[in-house]
Structure formats: structure tokens, C-alpha cells
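Take a look at the structure set out below.
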Amino acid sequence: MRKRLVAGNWKMHKTPSEARPWFQSLVDNLPQTEAEPALLLPFTHLPYAAQVLGNRVAYGAQDVSTHPEGAYTGEVSARMLADLGCRYTIVGHSERRSYHAETDALVAEKAQRLLEQAIVPILCVGEPLEVREAGGHVDYTLRQLEGSLKGVNPPSPAHLVIAYEPVWAIGTGKTATPEDAEAMHKAIRDWLEGRYGAAFAQGVRILYGGSVKPDNAPALFAQPNVDGGLVGGASLKLSDYLQLLTA
Ligand SMILES: O=C[C@H](O)COP(=O)(O)O
């Protein structure tokens with residue numbers, strides 16, 4: 001039985017001092033729910049997350065260095081994130097793939113660095129609009145998955161989360177239909193089975209991301225292979241995020 005994960009990706013929003021009282025309100029208003037809450041935050045917010053969210057709400061970063069340590073100005077290592085108590089960290093978000101030219105091979109290295117520190121990578125994949133329109137979305141996404149997991153061997157299914165985020169649905173208000181999301185998630189799980197075996201594949205959580213909101217989340221999350229969401233915009237508003245936790 002996979003535990004639903006509702007992961008908020010704050011991207012580059014809010015300052016640390018704006019975030020701190022928000023974290024407190026989240027902790028004070030956490031609903032009784034089976035879903036696991038998590039926030040993926042800018043690096044600057046993580047010390048406050050450690051203080052306020054503690055072990056009540058999981059948190060982590062949105063990126064990590066491929067290097068374990070050393071003279072790499074501006075980089076943040078997996079060991080630094082582990083020291084701040086990060087449970088998850090995003091790798092391969094389409095915004096990093098497109099604005100920072102991150103390749104599948106680089107994403108795989110980042111995932112590996114995280115696993116070395118027992119941080120669970122939330123590995124993002126998903127096709128752009130032209131690929132979807134041409135009908136090549138499944139092949140495209142599975143190829144991306146294969147490249148981004150090359151040489152990556154998580155010790156258990158709990159150590160890997162996949163987020164399917166069709167690029168055309170991110171921040172656009174357009175969402176994949178629950179049926180389209182389910183079809184892709186099933187294809188991803190089948191691929192995971194071929195790569196890691198059936199028991200492993202059944203344990204991995206596959207999140208949907210792309211304009212998830214309180215009104216569309218129940219139908220998406222009801223799909224058998226949709227194990228929660230990676231939520232951008234709606235995770236910035238406390239009332240929306242709280243609703244998603246019980247969707
Ligand atoms: O990581 C989150 C996704 O990019 C989705 O963002 P969005 O919910 O604002 O569309």
C-alpha cells in the first residue's frame with residue numbers, strides 16, 4: 001500500500017521570513033489525513049523548515065550539486081541538505097532541464113548524490129506540448145526516465161519518487177485528464193517493473209504535477225497509479241495546500 005504524497009514545490013517564491021510563519025500555520029492546522037505532506041523549498045528556507053516543520057512535515061530542496069564536496073562556487077551538496085534534515089529533494093524538474101540545460105545524465109548523477117545521503121530523489125519527467133500532440137509522449141517520457149535513472153539503484157522503493165509533469169501543464173492551468181495521467185503513470189510503473197522488478201515497482205510512488213488544484217486533485221488522486229501530486233502554485237496558498245492534503 002503506497003502512502004499518498006502531496007509535495008509542494010515552492011520554486012522561487014516567498015522569502016525565508018515570509019515562509020517561517022507559513023510553516024507554523026501549516027503545523028498548527030495539519031489535518032488528520034493518510035497523506036504525507038512535504039515541501040520542496042529554496043535552499044535559504046531550509047533552516048527555518050528544520051526548526052518549525054521538524055519531523056511533522058517532510059521538507060527538502062529543489063536541486064542539488066552533482067559534486068559531493070569541494071571548490072564549486074554556488075553549489076549546495078547532498079551532505080549539506082542531509083545535515084538540515086531534508087527527506088526529499090527534486091531532481092530533473094523541467095524548469096531546470098530547459099533553463100539550465102540539465103541532461104538526463106546529469107540528473108542521474110544528482111539522484112545518486114542524494115541517495116548516498118539517504119535523501120529520496122523526486123525525479124521529474126514529462127513531455128513538451130509538441131511531443132504530446134504528435135503522440136510520442138509515452139516513448140519520450142520513458143526515454144527520459146531511462147536516461148535519468150542510468151546507474152541509479154535505490155536500496156528500496158521508498159527511496160525513489162517519480163513525478164510525471166507534462167511540460168504543457170505546468171503553471172498553465174491546463175491539466176492532464178485523470179485518464180491520460182493514469183495511462184502515463186501505468187506506463188511508468190511498467191517500465192520500473194522491467195528495470196527493478198515487480199515488488200519494487202509496486203512500492204514506488206508516482207506523483208502527477210501540472211496545474212494541480214483543490215478542484216481537480218480528487219479525480220487525479222483517485223487513479224490507481226497516481227500516488228499524489230507535485231504541486232507548484234497551489235502549494236503557496238495555505239488553504240489550497242491544506243485542501244490538497246485531504247483531497
Ligand atoms: O513542480 C511543480 C510543477 O512544476 C507544477 O507547477 P504548477 O502546479 O504551478 O503547475
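Going through the C-alpha cells in order, the chains are called A, B, and so on, while each chain numbers its residues from 1 and the ligands are numbered from 1 in the order shown.
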
Taking only C-alpha atoms and all ligand atoms into account, which residues are within 6 Å of ligand 1, as number ranges by chain? A: 9, 170-171, 209-212, 230-233

Could you name the residues that touch Trp191 in chain A at 12 Å or less, counting only C-alpha atoms, but leaving out those on the same chain fewer than 2 positions away, as a PyMOL selection string? chain A and resi 138-139+141-146+149+162+184-189+193-198+200-202+204

Per DSSP on the backbone, filter range 51-123 of chain A down to the residues in strand (DSSP E or B) and report them as a list in words. Ala58, Tyr59, Gly60, Ala61, Tyr88, Thr89, Ile90, Val91, Val120, Pro121, Ile122 and Leu123 of chain A

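Shortest atom-to-atom contact with Gly85 in chain A among A:Lys110, A:His100, A:Arg56, A:Lys237: A:Arg56, counting only C-alpha atoms.
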
Within 7 Å of range 15-21 of chain A, which residues of range 33-107 of chain A come that close, and what is the closest atom pair and distance in Å for each? Count only C-alpha atoms and give it as a tab-separated table.
residue	atom	partner	partner_atom	distance
A:Thr44	CA	A:Pro16	CA	6.4
A:His45	CA	A:Pro16	CA	4.9
A:Tyr48	CA	A:Arg20	CA	6.0

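CA of Leu123 in chain A sits 15.9 Å away from CA of Ala101 in chain A.
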
Which residues are close to Ala105 in chain A, i.e. within 9 Å by only C-alpha atoms, leaving aside same-chain residues fewer than 6 positions away? Reply as a PyMOL selection string. chain A and resi 147-150

For the selection you just gave me, I'd like the residues written to a file as an mmCIF file, in the first residue's frame, keeping N, CA and C atoms.
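Result file is out.cif:
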data_model
loop_
_atom_site.group_PDB
_atom_site.id
_atom_site.type_symbol
_atom_site.label_atom_id
_atom_site.label_comp_id
_atom_site.auth_asym_id
_atom_site.auth_seq_id
_atom_site.Cartn_x
_atom_site.Cartn_y
_atom_site.Cartn_z
ATOM 1 N N GLY A 147 17.173 7.439 -19.075
ATOM 2 C CA GLY A 147 18.428 8.203 -19.012
ATOM 3 C C GLY A 147 18.671 8.779 -17.628
ATOM 4 N N SER A 148 17.603 9.197 -16.982
ATOM 5 C CA SER A 148 17.748 9.867 -15.681
ATOM 6 C C SER A 148 17.952 8.878 -14.540
ATOM 7 N N LEU A 149 17.735 7.582 -14.822
ATOM 8 C CA LEU A 149 17.947 6.569 -13.775
ATOM 9 C C LEU A 149 19.124 5.645 -14.127
ATOM 10 N N LYS A 150 19.890 6.027 -15.155
ATOM 11 C CA LYS A 150 21.015 5.183 -15.571
ATOM 12 C C LYS A 150 22.030 5.078 -14.419
#

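Between CA of Ala163 in chain A and CA of Ser94 in chain A there is a distance of 10.7 Å.
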
Compile the contact shell of Glu75 in chain A as a ChimeraX atom specification: residues with an atom at most 10 Å away, counting only C-alpha atoms, same-chain residues fewer than 6 positions apart removed. /A:63-69

Thr246 in chain A surroundings by only C-alpha atoms, 12 Å radius, close-in-sequence under 6 positions cut, as a list in words: Arg4, Leu5, Val6, Leu30, Pro31, Gln32, Thr33, Glu34, Ala35, Glu36, Pro37, Pro214, Asp215, Ala217, Pro218, Phe221, Ala222, Gly228, Ser239 and Asp240 of chain A

Convert the current residue selection to file output with N, CA and C atoms, as a PDB file, in the first residue's frame.
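Saved the output as result_36.pdb:
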ATOM      1  N   ARG A   4       0.031   8.133   0.061  1.00  0.00           N
ATOM      2  CA  ARG A   4      -0.059   9.291  -0.831  1.00  0.00           C
ATOM      3  C   ARG A   4       0.875  10.413  -0.369  1.00  0.00           C
ATOM      4  N   LEU A   5       1.549  11.025  -1.333  1.00  0.00           N
ATOM      5  CA  LEU A   5       2.480  12.116  -1.032  1.00  0.00           C
ATOM      6  C   LEU A   5       1.978  13.386  -1.723  1.00  0.00           C
ATOM      7  N   VAL A   6       1.796  14.439  -0.937  1.00  0.00           N
ATOM      8  CA  VAL A   6       1.392  15.725  -1.519  1.00  0.00           C
ATOM      9  C   VAL A   6       2.553  16.694  -1.311  1.00  0.00           C
ATOM     10  N   LEU A  30      -2.489  21.251  10.511  1.00  0.00           N
ATOM     11  CA  LEU A  30      -2.357  19.977   9.774  1.00  0.00           C
ATOM     12  C   LEU A  30      -3.606  19.120   9.959  1.00  0.00           C
ATOM     13  N   PRO A  31      -4.246  18.715   8.870  1.00  0.00           N
ATOM     14  CA  PRO A  31      -5.453  17.898   9.016  1.00  0.00           C
ATOM     15  C   PRO A  31      -5.113  16.448   9.352  1.00  0.00           C
ATOM     16  N   GLN A  32      -6.088  15.742   9.877  1.00  0.00           N
ATOM     17  CA  GLN A  32      -5.966  14.290  10.065  1.00  0.00           C
ATOM     18  C   GLN A  32      -6.077  13.686   8.676  1.00  0.00           C
ATOM     19  N   THR A  33      -5.032  13.127   8.179  1.00  0.00           N
ATOM     20  CA  THR A  33      -5.073  12.583   6.822  1.00  0.00           C
ATOM     21  C   THR A  33      -4.061  11.463   6.687  1.00  0.00           C
ATOM     22  N   GLU A  34      -4.345  10.572   5.757  1.00  0.00           N
ATOM     23  CA  GLU A  34      -3.412   9.491   5.462  1.00  0.00           C
ATOM     24  C   GLU A  34      -2.261   9.978   4.591  1.00  0.00           C
ATOM     25  N   ALA A  35      -2.457  11.157   3.970  1.00  0.00           N
ATOM     26  CA  ALA A  35      -1.444  11.632   3.019  1.00  0.00           C
ATOM     27  C   ALA A  35      -0.233  12.195   3.750  1.00  0.00           C
ATOM     28  N   GLU A  36       0.916  12.034   3.122  1.00  0.00           N
ATOM     29  CA  GLU A  36       2.146  12.597   3.679  1.00  0.00           C
ATOM     30  C   GLU A  36       2.381  13.978   3.077  1.00  0.00           C
ATOM     31  N   PRO A  37       2.502  15.020   3.910  1.00  0.00           N
ATOM     32  CA  PRO A  37       2.821  16.331   3.371  1.00  0.00           C
ATOM     33  C   PRO A  37       4.335  16.503   3.207  1.00  0.00           C
ATOM     34  N   PRO A 214      -7.150  22.330  -5.802  1.00  0.00           N
ATOM     35  CA  PRO A 214      -8.114  21.586  -4.968  1.00  0.00           C
ATOM     36  C   PRO A 214      -9.289  21.029  -5.767  1.00  0.00           C
ATOM     37  N   ASP A 215      -9.700  21.703  -6.851  1.00  0.00           N
ATOM     38  CA  ASP A 215     -10.883  21.196  -7.565  1.00  0.00           C
ATOM     39  C   ASP A 215     -10.575  20.020  -8.500  1.00  0.00           C
ATOM     40  N   ALA A 217      -7.804  17.903  -8.038  1.00  0.00           N
ATOM     41  CA  ALA A 217      -6.987  16.878  -7.361  1.00  0.00           C
ATOM     42  C   ALA A 217      -7.768  15.597  -7.035  1.00  0.00           C
ATOM     43  N   PRO A 218      -9.016  15.675  -6.535  1.00  0.00           N
ATOM     44  CA  PRO A 218      -9.673  14.410  -6.156  1.00  0.00           C
ATOM     45  C   PRO A 218      -9.741  13.407  -7.304  1.00  0.00           C
ATOM     46  N   PHE A 221      -6.081  12.129  -8.053  1.00  0.00           N
ATOM     47  CA  PHE A 221      -5.535  11.283  -6.982  1.00  0.00           C
ATOM     48  C   PHE A 221      -6.317   9.969  -6.841  1.00  0.00           C
ATOM     49  N   ALA A 222      -7.513   9.910  -7.426  1.00  0.00           N
ATOM     50  CA  ALA A 222      -8.307   8.676  -7.331  1.00  0.00           C
ATOM     51  C   ALA A 222      -7.817   7.609  -8.307  1.00  0.00           C
ATOM     52  N   GLY A 228      -0.346  10.762  -5.627  1.00  0.00           N
ATOM     53  CA  GLY A 228      -0.266  12.092  -5.044  1.00  0.00           C
ATOM     54  C   GLY A 228       0.186  13.090  -6.091  1.00  0.00           C
ATOM     55  N   SER A 239      -4.516  27.599   2.451  1.00  0.00           N
ATOM     56  CA  SER A 239      -5.834  26.943   2.413  1.00  0.00           C
ATOM     57  C   SER A 239      -5.904  25.932   1.267  1.00  0.00           C
ATOM     58  N   ASP A 240      -5.298  26.255   0.122  1.00  0.00           N
ATOM     59  CA  ASP A 240      -5.288  25.311  -1.004  1.00  0.00           C
ATOM     60  C   ASP A 240      -4.466  24.065  -0.661  1.00  0.00           C
TER      61      ASP A 240
END
